[in-house]
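K.L.:
Sending over entry-v6.cif (mmCIF, C-alpha atoms and all ligand atoms).
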data_target
#
loop_
_atom_site.label_atom_id
_atom_site.label_comp_id
_atom_site.auth_asym_id
_atom_site.auth_seq_id
_atom_site.Cartn_x
_atom_site.Cartn_y
_atom_site.Cartn_z
CA MET A 1 -33.57 -195.46 24.77
CA ARG A 2 -32.30 -198.84 25.99
CA THR A 3 -29.23 -199.70 28.06
CA GLN A 4 -28.06 -202.59 30.20
CA VAL A 5 -27.60 -200.62 33.46
CA ALA A 6 -29.32 -197.29 34.24
CA ILE A 7 -27.38 -195.43 36.96
CA ILE A 8 -29.13 -192.72 38.98
CA GLY A 9 -26.69 -190.08 40.27
CA ALA A 10 -23.33 -188.80 38.98
CA GLY A 11 -21.54 -188.52 42.32
CA PRO A 12 -18.55 -190.75 43.12
CA ALA A 13 -20.65 -193.94 43.36
CA GLY A 14 -22.47 -193.48 40.06
CA LEU A 15 -19.44 -192.28 38.13
CA LEU A 16 -17.15 -195.01 39.47
CA LEU A 17 -19.69 -197.74 38.72
CA GLY A 18 -20.27 -196.33 35.25
CA GLN A 19 -16.56 -196.22 34.49
CA LEU A 20 -15.96 -199.80 35.65
CA LEU A 21 -18.95 -201.13 33.67
CA THR A 22 -17.93 -199.24 30.53
CA ARG A 23 -14.35 -200.56 30.73
CA HIS A 24 -15.77 -204.08 30.91
CA GLY A 25 -18.11 -203.65 27.96
CA ILE A 26 -21.35 -203.28 29.91
CA ASP A 27 -23.52 -200.52 28.49
CA ASN A 28 -24.78 -197.92 30.96
CA VAL A 29 -26.30 -194.43 31.13
CA ILE A 30 -26.09 -192.05 34.12
CA LEU A 31 -28.94 -189.69 34.99
CA GLU A 32 -27.92 -186.73 37.19
CA ARG A 33 -30.32 -184.13 38.59
CA GLN A 34 -27.72 -181.32 38.78
CA THR A 35 -25.17 -179.86 36.38
CA GLY A 36 -21.63 -181.24 36.33
CA ASP A 37 -20.29 -177.98 37.73
CA TYR A 38 -22.74 -178.16 40.63
CA VAL A 39 -21.59 -181.70 41.46
CA LEU A 40 -17.96 -180.56 41.34
CA GLY A 41 -18.77 -177.61 43.60
CA ARG A 42 -19.68 -179.81 46.56
CA ILE A 43 -16.77 -180.02 49.03
CA ARG A 44 -16.83 -183.44 50.65
CA ALA A 45 -14.31 -186.12 51.58
CA GLY A 46 -10.55 -186.03 51.68
CA VAL A 47 -9.15 -189.46 52.63
CA VAL A 48 -8.87 -192.39 50.19
CA GLU A 49 -8.42 -195.99 51.41
CA GLN A 50 -5.99 -198.22 49.51
CA GLY A 51 -8.94 -200.33 48.31
CA THR A 52 -10.61 -197.26 46.84
CA ALA A 53 -7.36 -196.18 45.20
CA ASP A 54 -7.01 -199.66 43.65
CA LEU A 55 -10.55 -199.39 42.28
CA LEU A 56 -9.85 -195.98 40.76
CA ASP A 57 -6.79 -197.53 39.10
CA GLU A 58 -8.97 -200.38 37.83
CA ALA A 59 -11.29 -197.72 36.40
CA GLY A 60 -8.31 -196.12 34.65
CA VAL A 61 -8.61 -192.79 36.49
CA GLY A 62 -5.99 -193.07 39.25
CA ALA A 63 -3.04 -191.29 37.58
CA ARG A 64 -3.63 -187.78 38.97
CA MET A 65 -4.41 -189.19 42.41
CA HIS A 66 -1.01 -190.91 42.49
CA ALA A 67 0.71 -187.79 41.09
CA GLU A 68 -0.97 -185.18 43.30
CA GLY A 69 -2.39 -187.13 46.24
CA LEU A 70 -0.48 -187.19 49.54
CA ALA A 71 0.45 -190.63 50.91
CA HIS A 72 -0.09 -190.58 54.68
CA ASP A 73 1.40 -193.24 56.99
CA GLY A 74 -0.72 -192.21 59.98
CA ILE A 75 -2.79 -189.66 61.86
CA GLU A 76 -2.39 -187.82 65.16
CA LEU A 77 -4.83 -187.81 68.05
CA ALA A 78 -4.77 -184.71 70.27
CA PHE A 79 -6.22 -184.70 73.76
CA ALA A 80 -5.35 -183.35 77.25
CA GLY A 81 -2.95 -180.85 75.63
CA GLU A 82 -0.79 -183.42 73.83
CA ARG A 83 -0.60 -185.08 70.41
CA HIS A 84 -0.05 -188.81 69.83
CA ARG A 85 0.73 -190.40 66.46
CA ILE A 86 -0.94 -193.57 65.22
CA ASP A 87 1.52 -194.98 62.68
CA PHE A 88 -0.57 -197.15 60.35
CA HIS A 89 2.40 -198.15 58.19
CA THR A 90 4.49 -199.41 61.11
CA LEU A 91 1.50 -201.11 62.73
CA ILE A 92 -0.03 -202.84 59.69
CA GLY A 93 2.12 -201.97 56.67
CA ARG A 94 -0.56 -199.88 54.96
CA ARG A 95 -1.33 -196.20 54.45
CA VAL A 96 -4.02 -193.86 53.05
CA ILE A 97 -3.96 -191.20 50.33
CA VAL A 98 -5.17 -187.67 51.00
CA TYR A 99 -6.89 -186.53 47.79
CA GLY A 100 -10.13 -184.54 47.67
CA GLN A 101 -13.43 -186.08 46.56
CA THR A 102 -13.84 -183.14 44.21
CA GLU A 103 -10.69 -184.24 42.36
CA ILE A 104 -11.85 -187.86 42.26
CA THR A 105 -15.16 -186.73 40.80
CA ARG A 106 -13.34 -184.61 38.22
CA ASP A 107 -11.08 -187.53 37.25
CA LEU A 108 -14.12 -189.82 36.90
CA MET A 109 -16.04 -187.26 34.82
CA GLU A 110 -13.05 -186.84 32.48
CA GLY A 111 -12.58 -190.61 32.25
CA ARG A 112 -16.25 -191.10 31.37
CA ALA A 113 -16.13 -188.40 28.69
CA ALA A 114 -12.99 -189.98 27.21
CA ALA A 115 -14.74 -193.36 27.09
CA GLY A 116 -17.67 -191.76 25.28
CA ALA A 117 -20.19 -192.97 27.86
CA GLN A 118 -23.39 -190.97 28.31
CA THR A 119 -24.22 -188.86 31.38
CA ILE A 120 -27.50 -186.95 31.17
CA TYR A 121 -27.18 -183.90 33.45
CA GLU A 122 -30.11 -181.76 34.62
CA ALA A 123 -32.41 -184.78 34.36
CA GLU A 124 -35.57 -183.72 36.20
CA ASP A 125 -38.24 -185.78 37.96
CA VAL A 126 -36.44 -189.10 37.65
CA SER A 127 -38.76 -191.99 38.46
CA LEU A 128 -38.22 -195.74 38.61
CA HIS A 129 -40.73 -198.25 37.24
CA ASP A 130 -41.23 -202.04 37.28
CA VAL A 131 -38.11 -202.56 39.37
CA THR A 132 -39.39 -206.00 40.45
CA GLY A 133 -40.05 -207.12 36.87
CA ASP A 134 -37.62 -208.31 34.17
CA ARG A 135 -37.76 -205.03 32.25
CA PRO A 136 -37.35 -202.11 34.66
CA ARG A 137 -37.61 -198.60 33.28
CA VAL A 138 -36.47 -195.12 34.29
CA ARG A 139 -38.33 -191.98 33.28
CA TYR A 140 -37.13 -188.38 33.43
CA HIS A 141 -37.92 -184.93 32.09
CA LYS A 142 -35.43 -182.80 30.16
CA ASP A 143 -35.54 -180.05 27.54
CA GLY A 144 -39.30 -179.84 27.82
CA ALA A 145 -39.94 -183.50 27.04
CA ASP A 146 -40.48 -186.74 28.94
CA HIS A 147 -38.01 -189.55 28.27
CA GLU A 148 -37.85 -193.24 29.13
CA ILE A 149 -34.91 -195.63 29.43
CA GLU A 150 -35.47 -199.40 29.28
CA CYS A 151 -32.79 -201.38 31.07
CA ASP A 152 -31.91 -204.68 32.71
CA PHE A 153 -30.84 -203.18 36.05
CA ILE A 154 -31.02 -199.86 37.91
CA ALA A 155 -28.18 -198.70 40.19
CA GLY A 156 -29.46 -196.19 42.75
CA CYS A 157 -26.38 -194.02 43.35
CA ASP A 158 -28.37 -190.87 44.09
CA GLY A 159 -27.34 -190.20 47.66
CA TYR A 160 -29.29 -189.81 50.88
CA HIS A 161 -31.91 -187.49 49.38
CA GLY A 162 -32.28 -189.41 46.13
CA VAL A 163 -35.31 -191.09 44.60
CA SER A 164 -33.98 -194.68 44.49
CA ARG A 165 -34.27 -195.70 48.15
CA LYS A 166 -37.67 -194.02 48.26
CA SER A 167 -38.76 -196.25 45.37
CA ILE A 168 -38.51 -199.30 47.63
CA PRO A 169 -41.71 -199.96 49.63
CA ASP A 170 -41.52 -199.21 53.36
CA SER A 171 -42.72 -202.79 53.93
CA VAL A 172 -39.45 -204.02 52.37
CA LEU A 173 -36.91 -201.57 53.80
CA LYS A 174 -35.64 -201.45 57.39
CA HIS A 175 -33.96 -198.21 58.51
CA TYR A 176 -31.35 -197.87 61.26
CA GLU A 177 -30.45 -194.34 62.30
CA ARG A 178 -28.69 -192.20 64.88
CA VAL A 179 -28.65 -188.41 64.50
CA TYR A 180 -25.82 -186.73 66.44
CA PRO A 181 -26.58 -183.58 68.46
CA PHE A 182 -23.90 -181.50 66.71
CA GLY A 183 -22.46 -180.73 63.28
CA TRP A 184 -19.13 -179.96 61.63
CA LEU A 185 -18.28 -176.44 60.53
CA GLY A 186 -15.60 -176.73 57.85
CA ILE A 187 -13.51 -174.25 55.87
CA LEU A 188 -11.12 -174.49 52.95
CA VAL A 189 -8.19 -172.04 53.01
CA ASP A 190 -5.10 -171.68 50.87
CA ARG A 191 -2.61 -171.91 53.68
CA PRO A 192 -0.14 -174.74 54.44
CA PRO A 193 -1.45 -177.53 56.67
CA VAL A 194 -0.94 -177.30 60.41
CA SER A 195 0.90 -180.61 60.41
CA ASP A 196 2.20 -183.22 57.95
CA GLU A 197 -0.68 -185.56 58.84
CA LEU A 198 -4.29 -185.15 59.99
CA ILE A 199 -4.90 -184.11 63.60
CA TYR A 200 -8.13 -185.32 65.26
CA ALA A 201 -8.60 -183.34 68.48
CA ASN A 202 -10.78 -184.16 71.50
CA HIS A 203 -11.32 -181.07 73.65
CA GLU A 204 -13.81 -180.16 76.34
CA ARG A 205 -14.98 -177.30 74.09
CA GLY A 206 -15.58 -179.75 71.26
CA PHE A 207 -13.96 -181.75 68.45
CA ALA A 208 -11.57 -180.25 65.88
CA LEU A 209 -9.92 -181.73 62.79
CA CYS A 210 -6.97 -180.31 60.87
CA SER A 211 -6.93 -181.88 57.42
CA MET A 212 -5.67 -180.79 54.02
CA ARG A 213 -6.08 -181.02 50.25
CA SER A 214 -2.42 -180.33 49.34
CA GLN A 215 0.77 -178.85 50.83
CA THR A 216 -0.74 -175.40 50.27
CA ARG A 217 -4.45 -175.95 50.99
CA SER A 218 -5.94 -176.79 54.40
CA ARG A 219 -9.32 -178.28 55.29
CA LEU A 220 -10.20 -177.35 58.89
CA TYR A 221 -13.21 -178.39 60.94
CA ILE A 222 -14.65 -177.65 64.37
CA GLN A 223 -17.63 -179.32 66.01
CA CYS A 224 -20.51 -176.86 66.18
CA SER A 225 -24.06 -176.71 67.48
CA LEU A 226 -26.93 -177.76 65.24
CA ASP A 227 -28.32 -174.26 65.87
CA ASP A 228 -25.23 -172.63 64.31
CA LYS A 229 -25.46 -170.94 60.92
CA VAL A 230 -22.48 -170.40 58.62
CA GLU A 231 -23.09 -166.65 58.79
CA ASP A 232 -22.60 -166.84 62.60
CA TRP A 233 -18.96 -167.76 62.03
CA SER A 234 -16.53 -165.18 60.68
CA ASP A 235 -13.08 -166.51 59.80
CA ALA A 236 -11.71 -164.73 62.86
CA ARG A 237 -14.19 -166.45 65.17
CA PHE A 238 -13.50 -169.82 63.51
CA TYR A 239 -9.72 -169.56 63.98
CA GLU A 240 -10.11 -168.31 67.54
CA GLU A 241 -12.23 -171.34 68.45
CA LEU A 242 -10.01 -173.76 66.53
CA LYS A 243 -6.91 -172.54 68.41
CA ARG A 244 -8.67 -173.07 71.75
CA ARG A 245 -9.12 -176.74 70.83
CA LEU A 246 -5.60 -177.44 69.52
CA ASP A 247 -2.32 -178.12 71.35
CA SER A 248 0.26 -175.31 71.47
CA ALA A 249 2.52 -176.84 68.81
CA ALA A 250 -0.37 -176.98 66.35
CA VAL A 251 -1.45 -173.45 67.21
CA ALA A 252 2.08 -172.23 66.54
CA ARG A 253 1.99 -173.67 63.01
CA LEU A 254 -1.55 -172.58 62.14
CA GLN A 255 -1.49 -169.97 59.37
CA GLU A 256 -4.77 -168.07 59.26
CA GLY A 257 -6.07 -166.87 55.93
CA PRO A 258 -9.33 -166.03 54.16
CA SER A 259 -11.58 -169.08 53.74
CA PHE A 260 -12.99 -169.62 50.24
CA GLU A 261 -15.45 -172.30 51.30
CA LYS A 262 -17.36 -172.53 54.57
CA SER A 263 -20.15 -175.02 55.31
CA ILE A 264 -21.87 -176.91 58.11
CA ALA A 265 -22.55 -180.64 57.75
CA PRO A 266 -24.92 -182.47 60.08
CA LEU A 267 -23.74 -185.86 61.40
CA ARG A 268 -25.76 -189.01 61.26
CA SER A 269 -25.36 -192.78 61.15
CA PHE A 270 -27.86 -194.38 58.81
CA VAL A 271 -28.33 -197.73 57.08
CA ALA A 272 -31.22 -198.97 54.92
CA GLU A 273 -31.55 -202.72 54.45
CA PRO A 274 -31.66 -204.52 52.06
CA MET A 275 -29.58 -202.76 49.37
CA ARG A 276 -31.39 -204.64 46.61
CA HIS A 277 -35.03 -204.77 45.56
CA GLY A 278 -35.72 -206.74 42.38
CA ARG A 279 -33.61 -205.19 39.63
CA LEU A 280 -32.77 -202.09 41.72
CA PHE A 281 -29.47 -201.96 43.63
CA LEU A 282 -28.58 -199.17 46.09
CA ALA A 283 -24.95 -198.03 46.42
CA GLY A 284 -23.24 -195.30 48.44
CA ASP A 285 -25.09 -192.64 50.39
CA ALA A 286 -28.37 -193.83 48.85
CA ALA A 287 -28.12 -196.79 51.24
CA HIS A 288 -26.04 -195.53 54.18
CA ILE A 289 -24.53 -192.48 55.84
CA VAL A 290 -21.66 -192.32 58.32
CA PRO A 291 -20.43 -189.39 60.41
CA PRO A 292 -17.23 -188.17 58.64
CA THR A 293 -15.07 -188.77 61.75
CA GLY A 294 -13.84 -192.10 60.38
CA ALA A 295 -13.31 -190.81 56.80
CA LYS A 296 -15.52 -193.65 55.53
CA GLY A 297 -18.34 -192.07 53.50
CA LEU A 298 -16.64 -191.88 50.13
CA ASN A 299 -14.77 -195.13 50.73
CA LEU A 300 -17.98 -197.01 51.56
CA ALA A 301 -19.49 -195.77 48.29
CA ALA A 302 -16.49 -197.26 46.49
CA SER A 303 -16.85 -200.48 48.50
CA ASP A 304 -20.46 -200.94 47.38
CA VAL A 305 -19.49 -200.17 43.79
CA ARG A 306 -16.80 -202.83 43.87
CA TYR A 307 -19.31 -205.50 44.92
CA LEU A 308 -21.95 -204.30 42.45
CA TRP A 309 -19.53 -204.03 39.52
CA GLN A 310 -18.32 -207.59 40.14
CA ALA A 311 -21.89 -208.84 40.52
CA LEU A 312 -23.03 -207.28 37.24
CA THR A 313 -19.90 -208.47 35.44
CA ASP A 314 -20.60 -212.03 36.67
CA PHE A 315 -24.16 -211.73 35.38
CA TYR A 316 -23.28 -210.48 31.91
CA LYS A 317 -19.95 -212.23 31.35
CA ARG A 318 -20.36 -215.50 33.24
CA LYS A 319 -24.17 -215.75 33.17
CA SER A 320 -24.15 -216.13 36.95
CA SER A 321 -26.67 -214.50 39.28
CA ALA A 322 -24.69 -215.41 42.41
CA GLY A 323 -23.15 -211.94 42.66
CA ILE A 324 -26.36 -209.97 42.30
CA ASP A 325 -28.17 -212.35 44.65
CA GLY A 326 -25.38 -211.93 47.23
CA TYR A 327 -24.76 -208.20 46.70
CA SER A 328 -26.81 -206.78 49.56
CA ALA A 329 -25.45 -209.17 52.21
CA ALA A 330 -21.84 -208.75 51.03
CA ALA A 331 -22.01 -204.95 50.86
CA LEU A 332 -23.84 -204.62 54.19
CA ALA A 333 -21.30 -206.80 56.03
CA ARG A 334 -18.62 -204.20 55.24
CA VAL A 335 -21.00 -201.22 55.65
CA TRP A 336 -21.84 -202.16 59.23
CA LYS A 337 -18.17 -202.47 60.19
CA ALA A 338 -17.54 -198.98 58.83
CA GLU A 339 -20.66 -197.71 60.62
CA ARG A 340 -19.31 -199.10 63.89
CA PHE A 341 -15.88 -197.54 63.42
CA SER A 342 -17.35 -194.15 62.45
CA TRP A 343 -19.71 -194.25 65.45
CA TRP A 344 -16.83 -195.23 67.78
CA MET A 345 -14.54 -192.42 66.51
CA THR A 346 -17.41 -189.92 66.78
CA SER A 347 -18.35 -191.03 70.30
CA MET A 348 -14.73 -190.87 71.48
CA LEU A 349 -13.81 -187.50 70.00
CA HIS A 350 -16.83 -185.22 70.33
CA ARG A 351 -18.23 -183.35 73.31
CA PHE A 352 -21.87 -184.40 73.67
CA PRO A 353 -24.29 -181.79 75.01
CA GLY A 354 -25.09 -182.55 78.64
CA SER A 355 -21.98 -184.69 79.11
CA SER A 356 -20.31 -184.35 82.50
CA ASP A 357 -16.69 -183.88 83.56
CA PHE A 358 -16.71 -187.60 84.29
CA ASP A 359 -17.78 -188.29 80.69
CA GLN A 360 -14.93 -186.07 79.44
CA LYS A 361 -12.52 -187.96 81.70
CA MET A 362 -13.77 -191.27 80.28
CA GLN A 363 -13.10 -190.08 76.73
CA GLU A 364 -9.61 -188.85 77.66
CA THR A 365 -8.88 -192.13 79.44
CA GLU A 366 -10.08 -194.16 76.44
CA LEU A 367 -7.75 -192.10 74.27
CA ALA A 368 -4.89 -192.48 76.77
CA TYR A 369 -5.38 -196.26 76.77
CA LEU A 370 -5.64 -196.28 72.96
CA VAL A 371 -2.29 -194.56 72.40
CA SER A 372 -0.60 -196.74 75.05
CA SER A 373 -1.77 -200.07 73.57
CA GLN A 374 -0.26 -201.62 70.43
CA ALA A 375 -3.38 -203.79 70.11
CA ALA A 376 -5.76 -200.83 70.37
CA MET A 377 -3.77 -198.73 67.89
CA THR A 378 -3.61 -201.68 65.49
CA SER A 379 -7.38 -201.99 65.67
CA LEU A 380 -7.84 -198.31 64.87
CA ALA A 381 -5.27 -198.56 62.06
CA GLU A 382 -6.89 -201.52 60.29
CA ASN A 383 -10.28 -199.84 60.35
CA TYR A 384 -9.03 -196.42 59.27
CA VAL A 385 -7.03 -197.70 56.25
CA GLY A 386 -9.97 -199.93 55.28
CA LEU A 387 -10.89 -203.48 56.26
CA PRO A 388 -10.49 -206.20 53.61
CA TYR A 389 -13.29 -206.53 51.06
P1 LIG B 1 -23.50 -188.30 46.49
O1 LIG B 1 -24.53 -187.66 47.37
O2 LIG B 1 -22.11 -187.76 46.46
O3 LIG B 1 -24.01 -188.26 44.96
C1 LIG B 1 -25.37 -188.53 44.65
C2 LIG B 1 -25.67 -187.81 43.34
O4 LIG B 1 -27.03 -188.12 42.97
C3 LIG B 1 -25.59 -186.30 43.47
O5 LIG B 1 -24.79 -185.77 42.44
C4 LIG B 1 -27.05 -185.84 43.36
O6 LIG B 1 -27.16 -184.58 42.71
C5 LIG B 1 -27.66 -186.94 42.53
N1 LIG B 1 -29.11 -187.08 42.74
C6 LIG B 1 -29.79 -187.00 43.90
N2 LIG B 1 -31.10 -187.21 43.70
C7 LIG B 1 -31.26 -187.43 42.35
C8 LIG B 1 -32.37 -187.72 41.53
N3 LIG B 1 -33.60 -187.80 42.04
N4 LIG B 1 -32.16 -187.88 40.19
C9 LIG B 1 -30.90 -187.82 39.69
N5 LIG B 1 -29.80 -187.56 40.42
C10 LIG B 1 -29.99 -187.36 41.74
N6 LIG B 1 -17.26 -188.41 53.50
C11 LIG B 1 -15.99 -188.55 53.96
O7 LIG B 1 -15.41 -189.65 53.84
N7 LIG B 1 -15.34 -187.48 54.54
C12 LIG B 1 -15.94 -186.24 54.65
O8 LIG B 1 -15.35 -185.31 55.16
C13 LIG B 1 -17.25 -186.05 54.18
N8 LIG B 1 -17.87 -184.83 54.27
C14 LIG B 1 -19.16 -184.70 53.82
C15 LIG B 1 -19.83 -183.47 53.87
C16 LIG B 1 -21.16 -183.35 53.44
C17 LIG B 1 -21.88 -182.00 53.52
C18 LIG B 1 -21.84 -184.47 52.93
C19 LIG B 1 -23.28 -184.36 52.46
C20 LIG B 1 -21.18 -185.69 52.84
C21 LIG B 1 -19.83 -185.82 53.28
N9 LIG B 1 -19.14 -187.03 53.18
C22 LIG B 1 -17.87 -187.19 53.62
C23 LIG B 1 -19.76 -188.17 52.62
C24 LIG B 1 -19.66 -188.05 51.12
O9 LIG B 1 -18.33 -187.96 50.73
C25 LIG B 1 -20.41 -189.23 50.55
O10 LIG B 1 -20.06 -190.42 51.24
C26 LIG B 1 -20.16 -189.42 49.08
O11 LIG B 1 -20.45 -188.22 48.42
C27 LIG B 1 -21.05 -190.57 48.63
O12 LIG B 1 -21.08 -190.57 47.26
P2 LIG B 1 -22.43 -190.98 46.50
O13 LIG B 1 -22.97 -192.20 47.11
O14 LIG B 1 -22.08 -190.95 45.06
O15 LIG B 1 -23.50 -189.84 46.86
C1 LIG B 2 -11.39 -184.06 55.00
O1 LIG B 2 -10.20 -183.81 54.65
O2 LIG B 2 -12.37 -183.46 54.51
C2 LIG B 2 -11.63 -185.12 56.04
C3 LIG B 2 -10.58 -185.94 56.42
C4 LIG B 2 -10.81 -186.92 57.37
C5 LIG B 2 -12.07 -187.04 57.94
C6 LIG B 2 -13.12 -186.22 57.54
C7 LIG B 2 -12.89 -185.25 56.58
O3 LIG B 2 -12.29 -188.00 58.90
#
Take the structure in the file and write it out as structure tokens.
P.N.:
Amino acid sequence: MRTQVAIIGAGPAGLLLGQLLTRHGIDNVILERQTGDYVLGRIRAGVVEQGTADLLDEAGVGARMHAEGLAHDGIELAFAGERHRIDFHTLIGRRVIVYGQTEITRDLMEGRAAAGAQTIYEAEDVSLHDVTGDRPRVRYHKDGADHEIECDFIAGCDGYHGVSRKSIPDSVLKHYERVYPFGWLGILVDRPPVSDELIYANHERGFALCSMRSQTRSRLYIQCSLDDKVEDWSDARFYEELKRRLDSAAVARLQEGPSFEKSIAPLRSFVAEPMRHGRLFLAGDAAHIVPPTGAKGLNLAASDVRYLWQALTDFYKRKSSAGIDGYSAAALARVWKAERFSWWMTSMLHRFPGSSDFDQKMQETELAYLVSSQAAMTSLAENYVGLPY
């Protein structure tokens, strides 16, 4: 088989890139290790930046997001028993959309099927070859046979555990990493949200986040130990701990119900540089990971895709290599700003093991200064809604 761009991974990054390339007449094939249902079963992000929403519109898959997504003008920060609103729209005239990654993935899968573009699911043992030559190739195993795809470029959209980043020699890649000493225990429950907007709570017992997927479905998180197992946490224990970390008004509105999804996610900051090696380009979690506190993971994947889609379009349509030569530097400039914001939000809102009462007081004072300063709230707002591309 031959194609112009071979995409590894059918998560948001791979599907969005594929859809944009297809709509601009650039042939591409996606290879995905799992089944489509498995990919849809992963519960991930919930907040969409305006830039990401614009890109989904450009890909022709934004209709349901606009119809069902919730436009949010701000968030609330809870600490020292009180809640404080950060009004993005008043501060900087922009907002975010609350719409689950699962739904974005579904919209992208349906858009790709409608466009007749090929996604090969359950592709096993994907391997990349001759990525530094002019004719890179991808091999995989499926239905008892080995297959090979010749292409011009490979887009490594296969996430943190994928094969693409690992196909770049250690002598070429530089890794930056911080692993946080805690995780997030999250549940999905069909009960109305605690509040109209997201509540990020700093508490001496640990961080909590009240988010949502719709007016009838809540997404709730509490910081947990890395030693915790999902089976250690009954719904009753989860709600009991969540209520200890929320203010009284939030507790009063919390409607407990049976969770239908419960998982623990570890938190890390990670960046691999460069995001290009020969004809291989990394995009999304394949190149970087952020702690979810800043709601940046999914949006950074879309950010990379925007740069890569424009670079490949320049190459094929305008015969210019400027975009692909500048891709890594352009993508990384925005990645690092999102890494900083996600690290800052995580450092400010979580209880670190071994931290003292003084450390807790410093966090509460930073939050008290933040909500008292127009400049500080504006800074948080412009990072949360997404910095310019
Ligand atoms: P993905 O990991 O989504 O997709 C990569 C795809 O490649 C997968 O489908 C995988 O099966 C496939 N693949 C892997 N190896 C392969 C191989 N060798 N061959 C073929 N295919 C292969 N972000 C937020 O903004 N907010 C959140 O609350 C949030 N929560 C998260 C919770 C968890 C548990 C995790 C892991 C991430 C979370 N994220 C969150 C971040 C998440 O949303 C990612 O940023 C987003 O999925 C990135 O999309 P992709 O880069 O497409 O990677
Ligand atoms: C979510 O709804 O899953 C969510 C929202 C905001 C975050 C992280 C997760 O910062």
K.L.:
Which residues sit within 10 Å of ligand LIG 2 (chain B), counting all atoms listed in the file, listed as a PyMOL selection string?
P.N.:
chain A and resi 43-48+75+98-101+184+186-188+198-200+209-213+218-221+291-298+342+345-346+384
K.L.:
With only C-alpha atoms and all ligand atoms counted, collect every polymer residue having an atom within 6 Å of ligand LIG 1 (chain B); state the result as a PyMOL selection string.
P.N.:
chain A and resi 8-14+31-34+39+44-46+126+157-159+161-163+265+284-286+292+295-298+301
K.L.:
Could you check which residues have any atom within 10 Å of (-14.0, -171.6, 70.4), counting all atoms listed in the file with coordinates taken straight from the file, and then list them as a list of chain:residue names?
P.N.:
A:Arg205, A:Gly206, A:Ile222, A:Gln223, A:Cys224, A:Arg237, A:Phe238, A:Tyr239, A:Glu240, A:Glu241, A:Leu242, A:Lys243, A:Arg244, A:Arg245
K.L.:
Can you write out the residues you just picked, keeping C-alpha atoms, as a short mmCIF file (atom, residue, chain, number, x, y, z; two decimals), keeping the file's coordinate frame?
P.N.:
data_model
loop_
_atom_site.label_atom_id
_atom_site.label_comp_id
_atom_site.auth_asym_id
_atom_site.auth_seq_id
_atom_site.Cartn_x
_atom_site.Cartn_y
_atom_site.Cartn_z
CA ARG A 205 -14.98 -177.30 74.09
CA GLY A 206 -15.58 -179.75 71.26
CA ILE A 222 -14.65 -177.65 64.37
CA GLN A 223 -17.63 -179.32 66.01
CA CYS A 224 -20.51 -176.86 66.18
CA ARG A 237 -14.19 -166.45 65.17
CA PHE A 238 -13.50 -169.82 63.51
CA TYR A 239 -9.72 -169.56 63.98
CA GLU A 240 -10.11 -168.31 67.54
CA GLU A 241 -12.23 -171.34 68.45
CA LEU A 242 -10.01 -173.76 66.53
CA LYS A 243 -6.91 -172.54 68.41
CA ARG A 244 -8.67 -173.07 71.75
CA ARG A 245 -9.12 -176.74 70.83
#
K.L.:
Return the single residue from A:Leu20, A:Glu124, A:Ala113, A:Gly93 that is closest to Thr35 in chain A, with distances computed using all atoms listed in the file.
P.N.:
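Checking each of A:Leu20, A:Glu124, A:Ala113, A:Gly93 against Thr35 in chain A, counting all atoms listed in the file, the winner is A:Glu124.
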K.L.:
Which is closest to Ala208 in chain A among A:Ala117, A:Leu77, A:Ala375, A:Val179, if we use only C-alpha atoms?
P.N.:
A:Leu77
K.L.:
Of the residues A:Val371, A:Ala331, A:Leu128, A:Leu185, which is the one nearest to Ala6 in chain A, using only C-alpha atoms?
P.N.:
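Closest to Ala6 in chain A of all the choices is A:Leu128.
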K.L.:
Kindly provide, as a ChimeraX atom specification, the polymer residues lying within 10 Å of (-39.8, -200.0, 39.9), counting all atoms listed in the file and using the coordinates exactly as they appear in the file.
P.N.:
/A:127-133,135-138,154,164,167-169,277-280
K.L.:
Excluding same-chain residues fewer than 4 positions from Arg85 in chain A, what lies within 12 Å of it counting only C-alpha atoms, as a PyMOL selection string?
P.N.:
chain A and resi 72-79+89-91+195-201+367-368+370-372+374+377+380-381
K.L.:
Can you work out the spacing between CA of Glu148 in chain A and CA of Arg276 in chain A in Å, to one decimal?
P.N.:
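Going from CA of Glu148 in chain A over to CA of Arg276 in chain A, I get 21.8 Å.
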K.L.:
So how far away is CA of Leu387 in chain A from CA of Gln50 in chain A, in Å?
P.N.:
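The value is 9.9 Å.
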